[in-house]
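Each remark here refers to the structure printed beneath this line.
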Amino acid sequence: MRRLTRRIREIARWPRRYRTSRGFGVHSPFAFDFITKVLRDREAYYYAYPEIDSLCGKTHRDGLIDNMIFYSSDYERQEARMLFRMLCRFNPAQVIEIGGGNEVSRIIIERAIPSAALHRWSRENPTAIDMSKTCFIIVNYTLEMNFTTIRSYLLDALDHPGGVVIFFRNMHLPTLRRLWEQVAAAAPFGMTFHDDVSGVYVANPKLPREDFEMLI
């Protein structure tokens, strides 16, 4: 019954999400451009796509096993391409991965921004963000024991004077969904873009606080 109720809610939200994903009703110039030309761009074909596509395995959107290694390493093709486009759009000087790291993300980062520094976050040695450089954070997964530490790390990242971009993956998993909701609820500025699986928080102090529920 609970699954059926959730499915009904998803169907009811679909028309509004579809309209937003096409840019309808989006009044912010930044949000409109980001949605139509980055998140939902299906027309442009980038040089790195064939290599990225060859590395993508089974889509995690169809997966049911709560396995950290599986979820942190498996990319769906459209998700991998979207990450590549976001990195090209923001051109960060540093990228921090939380909850695993793998060949797919490494290749995407190297092809999009070869000069960027890539760091793997760990509880024992959390990466300090260089506040003088632009930053992009990828959140793949978190164990419950690391939840509070990672949440604090992400909220502290909002002190970056130039802002950061945080890409949440695997939000169909309860722990990731809760992390996303708590970070978004505490966000004092910037824009979020999300569906039930992925979320992007553009934490730019110059952007007003606004949320866009869409089809990513």
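Going by the structure tokens order, chains are called A, B, ..., each with residues numbered from 1, while ligands are numbered from 1 in the order shown.
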Spatial neighbours of range 203-216 of chain A, 7 Å, only C-alpha atoms, chain gap at least 5 places, as a ChimeraX atom specification: /A:17-18,20-21,39-40,158,162-165,188-195
Could you turn the residues from that selection into a file that holds C-alpha atoms, as a PDB file, in the first residue's frame?
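Result file follows (selection-v4.pdb):
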```pdb
ATOM      1  CA  ARG A  17       7.928  18.399 -13.089  1.00  0.00           C
ATOM      2  CA  TYR A  18       7.740  17.999 -16.859  1.00  0.00           C
ATOM      3  CA  THR A  20       9.666  22.813 -15.157  1.00  0.00           C
ATOM      4  CA  SER A  21      12.156  20.554 -16.935  1.00  0.00           C
ATOM      5  CA  LEU A  39      20.628  19.628 -16.880  1.00  0.00           C
ATOM      6  CA  ARG A  40      18.185  18.763 -19.674  1.00  0.00           C
ATOM      7  CA  LEU A 158      28.497  27.114   2.168  1.00  0.00           C
ATOM      8  CA  GLY A 162      32.378  32.247  -4.318  1.00  0.00           C
ATOM      9  CA  GLY A 163      29.869  29.508  -3.624  1.00  0.00           C
ATOM     10  CA  VAL A 164      29.991  25.778  -4.314  1.00  0.00           C
ATOM     11  CA  VAL A 165      27.993  23.327  -6.401  1.00  0.00           C
ATOM     12  CA  PRO A 188      20.353  30.306   3.247  1.00  0.00           C
ATOM     13  CA  PHE A 189      20.766  31.098  -0.465  1.00  0.00           C
ATOM     14  CA  GLY A 190      21.150  29.504  -3.877  1.00  0.00           C
ATOM     15  CA  MET A 191      18.980  27.256  -6.024  1.00  0.00           C
ATOM     16  CA  THR A 192      18.195  23.533  -5.911  1.00  0.00           C
ATOM     17  CA  PHE A 193      17.158  21.334  -8.831  1.00  0.00           C
ATOM     18  CA  HIS A 194      16.003  17.787  -8.162  1.00  0.00           C
ATOM     19  CA  ASP A 195      13.874  14.742  -8.896  1.00  0.00           C
TER      20      ASP A 195
END
```
Could you give me, as a tab-separated table, a per-residue list for range 75-134 of chain A showing, wherever an atom lies at most 12 Å from an atom of range 166-169 of chain A, the closest pair of atoms and their distance in Å to one decimal, using only C-alpha atoms and sorting by chain then residue number from low to high?
```
residue	atom	partner	partner_atom	distance
A:Tyr75	CA	A:Arg169	CA	9.4
A:Glu76	CA	A:Arg169	CA	10.8
A:Glu79	CA	A:Arg169	CA	9.0
A:Ala80	CA	A:Arg169	CA	10.7
A:Met82	CA	A:Phe167	CA	10.5
A:Leu83	CA	A:Phe167	CA	8.4
A:Phe84	CA	A:Phe167	CA	11.8
A:Met86	CA	A:Phe167	CA	9.4
A:Leu87	CA	A:Phe167	CA	10.5
A:Phe90	CA	A:Ile166	CA	11.4
A:Pro92	CA	A:Ile166	CA	11.5
A:Val95	CA	A:Ile166	CA	9.9
A:Ile96	CA	A:Ile166	CA	9.4
A:Glu97	CA	A:Phe167	CA	9.6
A:Ile98	CA	A:Phe168	CA	9.7
A:Gly99	CA	A:Arg169	CA	10.2
A:Gly100	CA	A:Arg169	CA	11.6
A:Thr134	CA	A:Ile166	CA	11.8
```
Given only C-alpha atoms as the counted atoms, nearest of A:Ala44, A:Leu118, A:Val139, A:Val104 to Arg85 in chain A: A:Ala44
